[in-house]
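Trainee: Input structure: data_0.tsv, which contains TSV, C-alpha atoms.
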chain	number	residue	atom	x	y	z
A	12	MET	CA	2.19	10.08	20.82
A	13	SER	CA	2.23	7.02	23.05
A	14	GLY	CA	2.85	3.59	21.60
A	15	ASP	CA	-0.74	2.42	22.02
A	16	ALA	CA	-2.18	5.67	20.65
A	17	ASN	CA	0.18	5.37	17.70
A	18	MET	CA	-0.92	1.80	16.97
A	19	ARG	CA	-4.61	2.64	17.35
A	20	SER	CA	-4.20	5.56	14.93
A	21	VAL	CA	-2.57	3.16	12.47
A	22	GLY	CA	-5.63	0.94	12.90
A	23	ASP	CA	-7.92	3.88	12.17
A	24	SER	CA	-6.52	4.20	8.66
A	25	LEU	CA	-5.87	0.52	8.02
A	26	PRO	CA	-7.79	-0.92	5.09
A	27	VAL	CA	-10.04	-3.71	6.34
A	28	PRO	CA	-11.69	-6.56	4.48
A	29	GLU	CA	-15.36	-6.07	3.75
A	30	PHE	CA	-18.04	-8.56	4.67
A	31	GLU	CA	-21.30	-8.08	2.80
A	32	THR	CA	-23.29	-9.97	5.39
A	33	THR	CA	-22.82	-10.76	9.05
A	34	ALA	CA	-23.63	-14.31	10.02
A	35	TRP	CA	-25.57	-14.71	13.25
A	36	VAL	CA	-25.79	-17.80	15.45
A	37	THR	CA	-28.02	-18.00	18.48
A	38	PRO	CA	-26.02	-20.05	20.98
A	39	PRO	CA	-27.43	-22.32	23.67
A	40	PRO	CA	-27.64	-20.82	27.17
A	41	LEU	CA	-24.13	-20.08	28.37
A	42	SER	CA	-24.57	-22.54	31.23
A	43	ASP	CA	-24.93	-25.27	28.61
A	44	ALA	CA	-22.39	-23.97	26.12
A	45	THR	CA	-18.95	-25.34	25.35
A	46	VAL	CA	-16.60	-22.37	25.12
A	47	ALA	CA	-13.27	-22.05	23.30
A	48	ILE	CA	-10.71	-19.27	23.01
A	49	VAL	CA	-9.32	-18.16	19.67
A	50	THR	CA	-6.42	-15.76	19.99
A	51	SER	CA	-4.31	-13.80	17.53
A	52	ALA	CA	-1.35	-13.75	19.92
A	53	ALA	CA	0.38	-16.54	18.00
A	54	LEU	CA	0.56	-18.56	21.21
A	55	HIS	CA	2.23	-21.89	20.80
A	56	ARG	CA	3.67	-24.54	23.04
A	57	GLU	CA	7.33	-23.86	23.65
A	58	SER	CA	8.25	-27.27	22.28
A	59	ASP	CA	6.20	-26.80	19.10
A	60	GLU	CA	7.16	-25.03	15.93
A	61	GLY	CA	6.90	-21.28	16.33
A	62	PHE	CA	5.10	-18.94	13.98
A	63	THR	CA	6.93	-17.36	11.08
A	64	ASN	CA	6.45	-13.67	10.38
A	65	VAL	CA	4.18	-14.52	7.43
A	66	ASP	CA	2.35	-17.40	9.08
A	67	THR	CA	-1.28	-17.81	8.01
A	68	GLU	CA	-1.76	-21.16	9.74
A	69	TYR	CA	-3.02	-21.86	13.25
A	70	ARG	CA	-2.08	-24.04	16.17
A	71	LEU	CA	-4.54	-26.02	18.25
A	72	LEU	CA	-3.83	-25.70	21.97
A	73	PRO	CA	-4.94	-28.49	24.30
A	74	ALA	CA	-7.00	-27.12	27.18
A	75	ASP	CA	-4.49	-28.32	29.76
A	76	ALA	CA	-1.47	-26.68	28.09
A	77	ARG	CA	0.11	-23.85	30.03
A	78	ASP	CA	3.59	-24.01	28.47
A	79	LEU	CA	2.57	-21.36	25.96
A	80	VAL	CA	4.80	-18.64	24.59
A	81	LEU	CA	3.81	-15.63	22.56
A	82	GLY	CA	4.91	-15.99	18.96
A	83	HIS	CA	3.58	-12.74	17.52
A	84	TRP	CA	6.23	-10.84	15.56
A	85	SER	CA	5.17	-7.26	16.12
A	86	PRO	CA	7.26	-5.29	18.63
A	87	ASN	CA	4.39	-2.83	19.05
A	88	PHE	CA	2.52	-4.11	22.06
A	89	ASP	CA	3.19	-5.07	25.66
A	90	ARG	CA	4.58	-8.58	26.09
A	91	THR	CA	5.19	-8.49	29.79
A	92	GLY	CA	1.56	-8.91	30.82
A	93	VAL	CA	1.32	-12.37	29.29
A	94	ALA	CA	4.71	-13.30	30.77
A	95	ILE	CA	3.30	-12.41	34.19
A	96	ASP	CA	-0.11	-14.00	33.69
A	97	LEU	CA	-1.11	-16.04	30.64
A	98	ASN	CA	-4.76	-15.29	31.37
A	99	VAL	CA	-4.43	-11.63	30.41
A	100	VAL	CA	-4.32	-12.85	26.80
A	101	TYR	CA	-5.62	-16.40	27.04
A	102	PRO	CA	-8.10	-16.64	29.94
A	103	ILE	CA	-8.06	-20.40	30.13
A	104	ASP	CA	-7.99	-20.55	33.94
A	105	ARG	CA	-10.90	-18.12	34.10
A	106	LEU	CA	-12.91	-20.41	31.80
A	107	GLU	CA	-12.09	-23.38	34.02
A	108	GLU	CA	-13.38	-21.41	37.00
A	109	LEU	CA	-16.57	-20.49	35.15
A	110	ALA	CA	-17.11	-24.13	34.25
A	111	ALA	CA	-16.52	-25.23	37.85
A	112	ARG	CA	-19.17	-22.73	38.97
A	113	GLY	CA	-21.59	-23.90	36.30
A	114	GLU	CA	-21.66	-20.51	34.59
A	115	ILE	CA	-20.51	-22.04	31.31
A	116	GLY	CA	-21.29	-25.58	30.26
A	117	ALA	CA	-17.74	-26.73	29.54
A	118	VAL	CA	-14.31	-25.61	28.49
A	119	ALA	CA	-13.49	-26.84	25.00
A	120	PRO	CA	-10.82	-29.54	24.81
A	121	ARG	CA	-8.87	-27.53	22.21
A	122	HIS	CA	-8.40	-23.84	21.50
A	123	ALA	CA	-6.95	-22.07	18.48
A	124	SER	CA	-4.12	-19.63	17.99
A	125	PHE	CA	-3.38	-17.49	14.95
A	126	ALA	CA	-0.79	-14.80	14.32
A	127	GLY	CA	-2.24	-11.32	14.26
A	128	ASN	CA	0.38	-10.14	11.81
A	129	GLN	CA	-1.48	-11.22	8.66
A	130	PRO	CA	-1.26	-10.01	5.05
A	131	ASP	CA	-3.63	-7.08	4.57
A	132	ASP	CA	-6.16	-9.03	2.51
A	133	VAL	CA	-6.38	-11.81	5.14
A	134	ALA	CA	-7.41	-14.08	2.27
A	135	THR	CA	-5.95	-17.27	3.71
A	136	ILE	CA	-7.44	-17.06	7.18
A	137	ARG	CA	-10.73	-15.94	5.64
A	138	LEU	CA	-11.01	-18.70	3.06
A	139	ASP	CA	-8.76	-21.51	4.21
A	140	SER	CA	-7.13	-21.72	7.63
A	141	GLY	CA	-9.94	-19.89	9.45
A	142	PRO	CA	-12.69	-22.20	8.19
A	143	ARG	CA	-10.49	-25.23	8.95
A	144	ALA	CA	-9.93	-24.05	12.51
A	145	ALA	CA	-13.66	-23.44	12.90
A	146	ALA	CA	-14.36	-26.96	11.64
A	147	ASP	CA	-11.88	-28.38	14.15
A	148	LEU	CA	-13.59	-26.59	17.04
A	149	LYS	CA	-17.04	-27.42	15.70
A	150	ALA	CA	-16.04	-31.10	15.71
A	151	ASP	CA	-15.20	-30.69	19.40
A	152	GLY	CA	-18.74	-29.47	20.07
A	153	VAL	CA	-17.81	-25.82	20.58
A	154	ASP	CA	-20.82	-23.48	20.80
A	155	VAL	CA	-19.15	-20.18	21.69
A	156	VAL	CA	-15.76	-18.70	20.84
A	157	LEU	CA	-14.11	-15.81	22.66
A	158	LEU	CA	-11.64	-14.00	20.40
A	159	THR	CA	-8.72	-12.26	22.08
A	160	PRO	CA	-6.31	-10.00	20.19
A	161	VAL	CA	-2.90	-8.62	20.94
B	2	MET	CA	-9.89	-10.97	15.13
B	3	SER	CA	-12.96	-9.48	13.49
B	4	THR	CA	-12.24	-11.47	10.33
B	5	LEU	CA	-12.10	-14.68	12.34
B	6	ALA	CA	-15.33	-13.75	14.12
B	7	HIS	CA	-17.09	-13.54	10.75
B	8	VAL	CA	-15.53	-16.85	9.69
B	9	PHE	CA	-16.37	-18.75	12.88
B	10	GLU	CA	-19.90	-17.38	13.05
B	11	ALA	CA	-20.49	-18.44	9.44
B	12	ALA	CA	-19.33	-21.91	10.46
B	13	GLY	CA	-22.05	-22.06	13.10
B	14	ILE	CA	-20.21	-20.98	16.24
B	15	ALA	CA	-21.34	-17.90	18.18
B	16	THR	CA	-18.51	-15.42	18.68
B	17	VAL	CA	-17.56	-12.55	20.93
B	18	VAL	CA	-14.54	-10.37	20.13
B	19	LEU	CA	-12.58	-8.42	22.71
B	20	ALA	CA	-11.77	-5.58	20.32
B	21	SER	CA	-8.63	-3.53	20.88
B	22	THR	CA	-9.18	-0.88	18.16
B	23	ARG	CA	-12.69	0.51	18.08
B	24	SER	CA	-12.55	1.92	14.56
B	25	VAL	CA	-11.61	-1.47	13.13
B	26	ALA	CA	-14.50	-3.16	14.94
B	27	GLU	CA	-16.88	-0.44	13.73
B	28	ARG	CA	-15.86	-0.89	10.11
B	29	MET	CA	-15.69	-4.69	10.13
B	30	GLY	CA	-18.88	-5.30	12.06
B	31	PRO	CA	-18.22	-8.66	13.72
B	32	PRO	CA	-21.37	-10.18	15.22
B	33	ARG	CA	-20.53	-9.23	18.82
B	34	ALA	CA	-17.63	-7.13	20.06
B	35	LEU	CA	-16.69	-5.58	23.38
B	36	TYR	CA	-14.28	-2.71	22.86
B	37	CYS	CA	-11.73	-2.73	25.66
B	38	GLU	CA	-9.44	0.29	25.78
B	39	PHE	CA	-6.73	-1.56	27.65
B	40	PRO	CA	-2.98	-1.65	26.97
B	41	LEU	CA	-2.32	-3.41	23.68
B	42	GLY	CA	-1.14	-6.91	24.48
B	43	ARG	CA	-3.43	-7.16	27.53
B	44	PRO	CA	-6.91	-7.84	26.13
B	45	LEU	CA	-8.21	-8.92	29.55
B	46	GLY	CA	-6.85	-5.70	31.02
B	47	LYS	CA	-4.97	-6.63	34.15
B	48	PRO	CA	-2.50	-9.48	34.66
B	49	ALA	CA	-2.78	-11.35	37.95
B	50	ASP	CA	-6.23	-9.87	38.64
B	51	ALA	CA	-8.72	-12.71	38.30
B	52	ALA	CA	-11.64	-10.60	39.51
B	53	PHE	CA	-11.10	-7.97	36.82
B	54	GLN	CA	-10.65	-10.62	34.14
B	55	HIS	CA	-13.92	-12.27	35.20
B	56	GLU	CA	-15.65	-8.91	35.01
B	57	VAL	CA	-14.43	-8.48	31.41
B	58	LEU	CA	-15.59	-11.98	30.52
B	59	SER	CA	-18.97	-11.37	32.12
B	60	ARG	CA	-19.53	-8.25	29.99
B	61	ALA	CA	-18.34	-10.05	26.88
B	62	PHE	CA	-20.52	-13.10	27.38
B	63	ALA	CA	-23.53	-10.89	28.16
B	64	LEU	CA	-23.46	-9.88	24.48
B	65	LEU	CA	-24.55	-13.44	23.64
B	66	ASP	CA	-28.01	-12.49	24.92
B	67	ALA	CA	-28.49	-9.88	22.20
B	68	PRO	CA	-31.32	-10.89	19.84
B	69	ALA	CA	-29.58	-9.53	16.72
B	70	GLY	CA	-26.37	-7.89	15.64
B	71	PRO	CA	-23.82	-6.63	14.93
B	72	VAL	CA	-23.39	-5.53	18.54
B	73	LEU	CA	-20.52	-3.28	19.62
B	74	ASP	CA	-20.34	-2.36	23.30
B	75	ASP	CA	-17.68	-0.51	25.28
B	76	HIS	CA	-16.06	-1.65	28.48
B	77	PRO	CA	-16.51	1.30	30.86
B	78	VAL	CA	-12.99	1.10	32.29
B	79	VAL	CA	-10.12	2.63	30.33
B	80	ILE	CA	-6.61	1.50	31.26
B	81	GLU	CA	-3.89	3.66	29.82
B	82	ALA	CA	-0.53	2.14	29.04
B	83	ASP	CA	2.10	3.77	31.22
B	84	GLU	CA	5.21	4.78	29.34
B	85	VAL	CA	7.06	5.96	32.43
B	86	PRO	CA	9.96	3.56	32.92
B	87	MET	CA	9.41	1.27	35.83
B	88	THR	CA	11.80	1.49	38.74
B	89	CYS	CA	14.15	-1.45	38.48
B	90	SER	CA	17.73	-1.55	39.65
B	91	LEU	CA	20.35	-2.60	37.15
B	92	PRO	CA	23.48	-4.56	37.95
B	93	PRO	CA	26.54	-2.43	38.71
B	94	ARG	CA	29.40	-2.36	36.25
B	95	PHE	CA	31.42	-5.50	36.88
B	96	ASP	CA	33.90	-6.14	34.05
B	97	PRO	CA	35.23	-2.90	32.53
B	98	ASN	CA	36.75	-4.86	29.66
B	99	LEU	CA	33.31	-5.75	28.33
B	100	HIS	CA	30.96	-3.53	26.37
B	101	PRO	CA	28.60	-1.96	28.96
B	102	ALA	CA	25.57	-3.70	27.42
B	103	VAL	CA	27.27	-7.09	27.52
B	104	ASP	CA	28.35	-6.54	31.13
B	105	GLU	CA	24.80	-5.51	32.02
B	106	ALA	CA	23.22	-8.51	30.29
B	107	ASN	CA	25.59	-10.88	32.09
B	108	GLY	CA	24.56	-9.30	35.36
B	109	LEU	CA	20.89	-9.95	34.66
B	110	ARG	CA	21.36	-13.63	33.89
B	111	LYS	CA	20.43	-14.96	37.32
B	112	ALA	CA	17.20	-12.97	37.34
B	113	TYR	CA	16.34	-14.25	33.86
B	114	ASP	CA	17.08	-17.81	34.97
B	115	ARG	CA	14.83	-17.46	38.02
B	116	THR	CA	11.94	-16.28	35.85
B	117	ARG	CA	12.48	-19.13	33.44
B	118	GLN	CA	12.63	-21.66	36.24
B	119	ARG	CA	9.45	-20.32	37.82
B	120	ARG	CA	7.49	-20.17	34.55
B	121	GLY	CA	9.02	-23.29	33.02
B	122	ILE	CA	9.16	-21.53	29.65
B	123	THR	CA	10.80	-18.56	27.98
B	124	GLY	CA	10.01	-16.34	25.03
B	125	VAL	CA	13.70	-16.13	24.16
B	126	GLY	CA	14.66	-18.44	21.32
B	127	ARG	CA	13.63	-17.14	17.92
B	128	SER	CA	17.19	-16.76	16.76
B	129	ILE	CA	19.34	-17.11	19.88
B	130	ASP	CA	18.98	-18.53	23.36
B	131	ALA	CA	19.99	-16.81	26.58
B	132	ASP	CA	23.60	-17.90	26.12
B	133	GLY	CA	23.66	-15.98	22.84
B	134	VAL	CA	22.56	-12.61	24.22
B	135	ALA	CA	26.10	-11.39	24.94
B	136	ASP	CA	27.28	-12.20	21.42
B	137	ALA	CA	24.19	-10.60	19.96
B	138	LEU	CA	24.90	-7.39	21.84
B	139	ARG	CA	28.51	-7.44	20.64
B	140	ILE	CA	27.25	-7.72	17.06
B	141	LEU	CA	24.93	-4.76	17.53
B	142	ALA	CA	27.76	-2.76	19.13
B	143	ASP	CA	29.91	-3.42	16.07
B	144	ILE	CA	27.10	-2.21	13.81
B	145	ALA	CA	26.55	0.89	15.94
B	146	ASP	CA	30.29	1.55	15.61
B	147	GLY	CA	30.14	1.39	11.82
B	148	ALA	CA	30.31	-2.25	10.77
B	149	ASN	CA	28.12	-3.17	7.81
B	150	TRP	CA	25.03	-4.96	9.06
B	151	LYS	CA	25.17	-7.59	6.31
B	152	GLY	CA	28.53	-8.92	7.39
B	153	ALA	CA	28.21	-8.40	11.11
B	154	GLY	CA	27.05	-11.92	11.89
B	155	ILE	CA	23.36	-11.42	12.66
B	156	PRO	CA	21.92	-14.96	12.80
B	157	GLY	CA	19.92	-15.46	9.62
B	158	LYS	CA	20.22	-11.69	9.06
B	159	ASN	CA	16.96	-11.56	11.02
B	160	THR	CA	17.19	-8.34	13.01
B	161	THR	CA	13.58	-8.59	14.22
B	162	ALA	CA	14.12	-12.02	15.78
B	163	LEU	CA	17.44	-11.00	17.30
B	164	CYS	CA	16.04	-7.85	18.89
B	165	HIS	CA	12.98	-9.76	20.10
B	166	ASP	CA	15.21	-12.23	21.90
B	167	ILE	CA	17.37	-9.57	23.55
B	168	ARG	CA	14.35	-7.54	24.66
B	169	THR	CA	12.53	-10.61	25.94
B	170	TYR	CA	15.62	-11.68	27.92
B	171	TYR	CA	15.63	-8.28	29.63
B	172	GLU	CA	11.86	-8.18	30.18
B	173	GLU	CA	11.80	-11.65	31.70
B	174	ALA	CA	14.69	-10.71	33.98
B	175	ALA	CA	12.94	-7.48	34.98
B	176	ILE	CA	9.78	-9.32	36.00
B	177	GLU	CA	11.84	-11.07	38.63
B	178	LEU	CA	13.41	-7.87	39.91
B	179	VAL	CA	10.32	-5.81	40.72
B	180	ASP	CA	8.11	-6.18	43.77
B	181	GLY	CA	4.48	-5.26	44.18
B	182	PRO	CA	1.73	-5.27	41.58
B	183	PRO	CA	2.58	-6.09	37.97
B	184	PRO	CA	4.15	-3.15	36.10
B	185	ALA	CA	1.79	-1.24	33.84
B	186	GLY	CA	1.65	-1.93	30.13
B	187	ARG	CA	4.78	-0.58	28.40
B	188	ALA	CA	6.46	0.39	31.70
B	189	ILE	CA	8.99	-2.41	31.25
B	190	GLU	CA	9.36	-1.53	27.56
B	191	ALA	CA	10.13	2.07	28.58
B	192	TRP	CA	12.65	0.87	31.14
B	193	TYR	CA	14.36	-1.30	28.56
B	194	PHE	CA	14.67	1.31	25.84
B	195	GLU	CA	15.33	4.33	28.03
B	196	GLU	CA	17.31	3.04	30.97
B	197	THR	CA	19.28	-0.02	29.95
B	198	GLU	CA	22.51	-0.12	28.01
B	199	ALA	CA	21.07	-2.86	25.80
B	200	GLY	CA	17.96	-0.89	24.87
B	201	ARG	CA	19.99	2.17	23.98
B	202	LEU	CA	22.37	0.01	21.97
B	203	VAL	CA	19.52	-1.55	19.99
B	204	LEU	CA	18.24	1.94	19.15
B	205	ALA	CA	21.72	3.03	18.04
B	206	ALA	CA	22.24	-0.09	15.93
B	207	ARG	CA	18.83	0.40	14.34
B	208	GLN	CA	19.74	3.96	13.37
B	209	ALA	CA	23.05	2.74	11.94
B	210	ILE	CA	21.32	0.05	9.86
B	211	LYS	CA	18.80	2.60	8.62
B	212	ASP	CA	21.64	4.97	7.71
B	213	GLN	CA	23.23	2.15	5.71
B	214	GLU	CA	20.04	2.21	3.63
B	215	ALA	CA	19.07	-1.33	4.55
B	216	PRO	CA	15.58	-2.39	3.42
B	217	PHE	CA	12.80	-0.99	5.59
B	218	PRO	CA	11.79	-4.30	7.26
B	219	VAL	CA	15.39	-4.94	8.30
B	220	TRP	CA	15.55	-1.95	10.64
B	221	PHE	CA	11.98	-0.84	11.29
B	222	TYR	CA	10.78	-3.82	13.31
B	223	MET	CA	13.79	-3.87	15.62
B	224	VAL	CA	11.90	-1.65	18.09
B	225	PRO	CA	8.34	-0.37	18.56
B	226	GLY	CA	7.32	2.02	15.81
B	227	HIS	CA	6.93	5.08	18.03
B	228	ARG	CA	10.54	4.77	19.17
Kindly transcribe the structure held in the file into C-alpha cells.
Mentor:
Amino acid sequence: MSGDANMRSVGDSLPVPEFETTAWVTPPPLSDATVAIVTSAALHRESDEGFTNVDTEYRLLPADARDLVLGHWSPNFDRTGVAIDLNVVYPIDRLEELAARGEIGAVAPRHASFAGNQPDDVATIRLDSGPRAAADLKADGVDVVLLTPV
Amino acid sequence: MSTLAHVFEAAGIATVVLASTRSVAERMGPPRALYCEFPLGRPLGKPADAAFQHEVLSRAFALLDAPAGPVLDDHPVVIEADEVPMTCSLPPRFDPNLHPAVDEANGLRKAYDRTRQRRGITGVGRSIDADGVADALRILADIADGANWKGAGIPGKNTTALCHDIRTYYEEAAIELVDGPPPAGRAIEAWYFEETEAGRLVLAARQAIKDQEAPFPVWFYMVPGHR
C-alpha cells in the first residue's frame, strides 16, 4: 500500500470528535470579504519558537511573512512540495493575486497555524486555542477562512 | 481541520476546508469542504503551478455560495503520489575512511547550502543543524552496528527530530539537484529511503532500536509508517 493510501486508510478508522450541530455563517460577497488562511501544517517563522510534538497552541503569521518552515512532526506526508513552493500549503501569494484582481475584498493581516498532530480528543483546540485564534482573526475583520491541512 | 472549521464558523467566520481524507470530512461534517485527492502535504495540489492553485481556490470559494450546509464537494482531478524514486545523481565516494552515509552527506552539502541560500530558510534544526548531520549519521551507524540507542548520543534522545533533520537536509539538497518540473509527491522521499546511504542507514537504525525493545514512539516515527 502506498504511503498516502496507508494514511487515508488510517483516517478511515480514526475516531473523530462529534459535533451535534453545524454552525453556518453567510459571508459577505467574496469580492467584499477579508480572507485568512488557517493551516494545520504547523508553519512558523524560522526565527520563532517551533512547535512541540504535543503542541495545542497556534502561531499568528503576518501576511507579509514568507520565512515560514513546516513544523509538523509527522513523517507521513510529502514535505518537498512546500519547500519548493510555500503556496502549495499556504496560498498566501494566490490570495494577494485575488485581492489585486478584486476577486476577494482583502487579504487578512494575520493568518493562523496549528499543528495537525493533535491529541485524539482535540479538546484544547476545540475549547481553548481554536476559539482564541478565531477571536484574533475576527478582531482583524476576517469574514472567510480557508483551512489547509497537511 | 474539520474541528477548526466548526470552531471558526461558530465564532462567526465562514469557513471552507480543503479536505485531504474524505471519510473524515464525511463523518465530521464541517460547514463547507472540498475533498482534494492530492498528495498528502500538498493541499493545493501542485507546487509552482499558480494556475492550478487558483483553480482549486476557485472551486473552494464557490462553496461559499451554497445556501445551507454541510456541503462536501469533490475536486475532479486526482493526483496520485508517485513512490518511484526520482532520478537524482548522488556524489561519488570521496573519502573511503568515512562511513558511506557520512561521505555522501558531506558531498551533498553544497547543494543543501544553495537551497538554503535561495530560500533564505531551512527546515533543518529541530535537534541539529546542517553541521551536525555527519555526527548524527555516525550515531545511527553505531546503533545499526549494535550500540544501545540510549547511550549512543542522540541529542535529547529524540529520534524523530534527529531523523527529521537528516531527511530534510537530503530533501533540500535534492531539490537543488533536479531539473524540470517539481518532483511528484513522495518521489524525493522514495529516493531518500531507497537510494541513499543515509536513508538506508536510518531504516537499519530504526530496526535496531525496535529490536532493542525501545518504546514504540522512539522508533516508529523515525520514518513514514508504510516503510
Trainee: Give me, as an MDAnalysis selection string, the residues of chain A touching chain B, with the criterion being at most 6 Å (counting all atoms listed in the file).
Mentor: chainID A and resid 14 19 23 34 36 38 80 86:89 92 96 99:100 145 154:159 161
Trainee: Can you list, as a compact mmCIF listing (two decimals) with C-alpha atoms, in the coordinates of the input, every protein, DNA or RNA residue that comes within 7 Å of stretch 61-67 of chain A when you count all atoms listed in the file, leaving out same-chain residues fewer than 6 positions away?
Mentor:
# COMPACT_ATOMS: atom_id res chain seq x y z
CA ALA A 53 0.38 -16.54 18.00
CA HIS A 55 2.23 -21.89 20.80
CA GLY A 82 4.91 -15.99 18.96
CA TRP A 84 6.23 -10.84 15.56
CA ALA A 126 -0.79 -14.80 14.32
CA GLN A 129 -1.48 -11.22 8.66
CA THR A 135 -5.95 -17.27 3.71
CA ILE A 136 -7.44 -17.06 7.18
Trainee: Taking all atoms of stretch 118-137 of chain A that appear in the file, build a box with edges along x, y and z, extend it by 6 Å on every side, and state its centre and edge lengths in Å to one decimal, as JSON.
Mentor:
{"center_x": -7.0, "center_y": -18.3, "center_z": 15.4, "size_x": 26.7, "size_y": 34.5, "size_z": 38.2}
Trainee: Identify, on the basis of all atoms listed in the file, every residue whose closest approach to A:Asp104 does not exceed 10 Å; exclude the query and any residue fewer than 4 positions from it along the same chain; express the result as JSON, numbers by chain.
Mentor: {"A": [74, 75, 77, 97, 98, 108, 109, 110, 118], "B": [51]}
Trainee: Mind giving me the straight-line distance from atom CA of B:Lys158 to atom CA of B:Val219 in Å, one decimal?
Mentor: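 Between atom CA of B:Lys158 and atom CA of B:Val219 the gap works out to 8.3 Å.
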Trainee: For atom CA of B:Glu198 and atom CA of B:Ala106, determine how far apart the two atoms are, in Å to one decimal place.
Mentor: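 Taking atom CA of B:Glu198 and atom CA of B:Ala106, their separation equals 8.7 Å.
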Trainee: Please compute the atom CA of A:Gly152-atom CA of A:Glu114 distance, one decimal, in Å.
Mentor: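 Taking atom CA of A:Gly152 as the start and atom CA of A:Glu114 as the end point, the length is 17.3 Å.
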Trainee: From the list B:Glu56, B:Val203, B:Leu141, B:Val72, which residue is nearest A:Thr33 when using all atoms listed in the file?
Mentor: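 So, comparing all the options, the nearest one is B:Val72.
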Trainee: List as an NGL selection string the protein and nucleic acid residues near A:Gly113, meaning an atom at most 12 Å away when only C-alpha atoms are counted, but skip any in the same chain fewer than 6 places from it.
Mentor: :A and (40-45 or 106-107)
Trainee: Output the selection as a short mmCIF file (atom, residue, chain, number, x, y, z; two decimals), keeping the file's coordinate frame - C-alpha atoms for each residue.
Mentor:
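Printed below is part31.cif as written:
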data_model
loop_
_atom_site.label_atom_id
_atom_site.label_comp_id
_atom_site.auth_asym_id
_atom_site.auth_seq_id
_atom_site.Cartn_x
_atom_site.Cartn_y
_atom_site.Cartn_z
CA PRO A 40 -27.64 -20.82 27.17
CA LEU A 41 -24.13 -20.08 28.37
CA SER A 42 -24.57 -22.54 31.23
CA ASP A 43 -24.93 -25.27 28.61
CA ALA A 44 -22.39 -23.97 26.12
CA THR A 45 -18.95 -25.34 25.35
CA LEU A 106 -12.91 -20.41 31.80
CA GLU A 107 -12.09 -23.38 34.02
#
Trainee: Check the smallest atom-to-atom distance from each of A:Ser13, A:Ser24, A:Pro160, A:Ala123 to A:Pro142 using all atoms listed in the file, then report the winner.
Mentor: A:Ala123
Trainee: Do you know which residues are at most 7 Å from B:Cys89 counting only C-alpha atoms, after dropping those on the same chain fewer than 2 positions away, and could you put them as a PyMOL selection string?
Mentor: chain B and resi 87+91+178-179
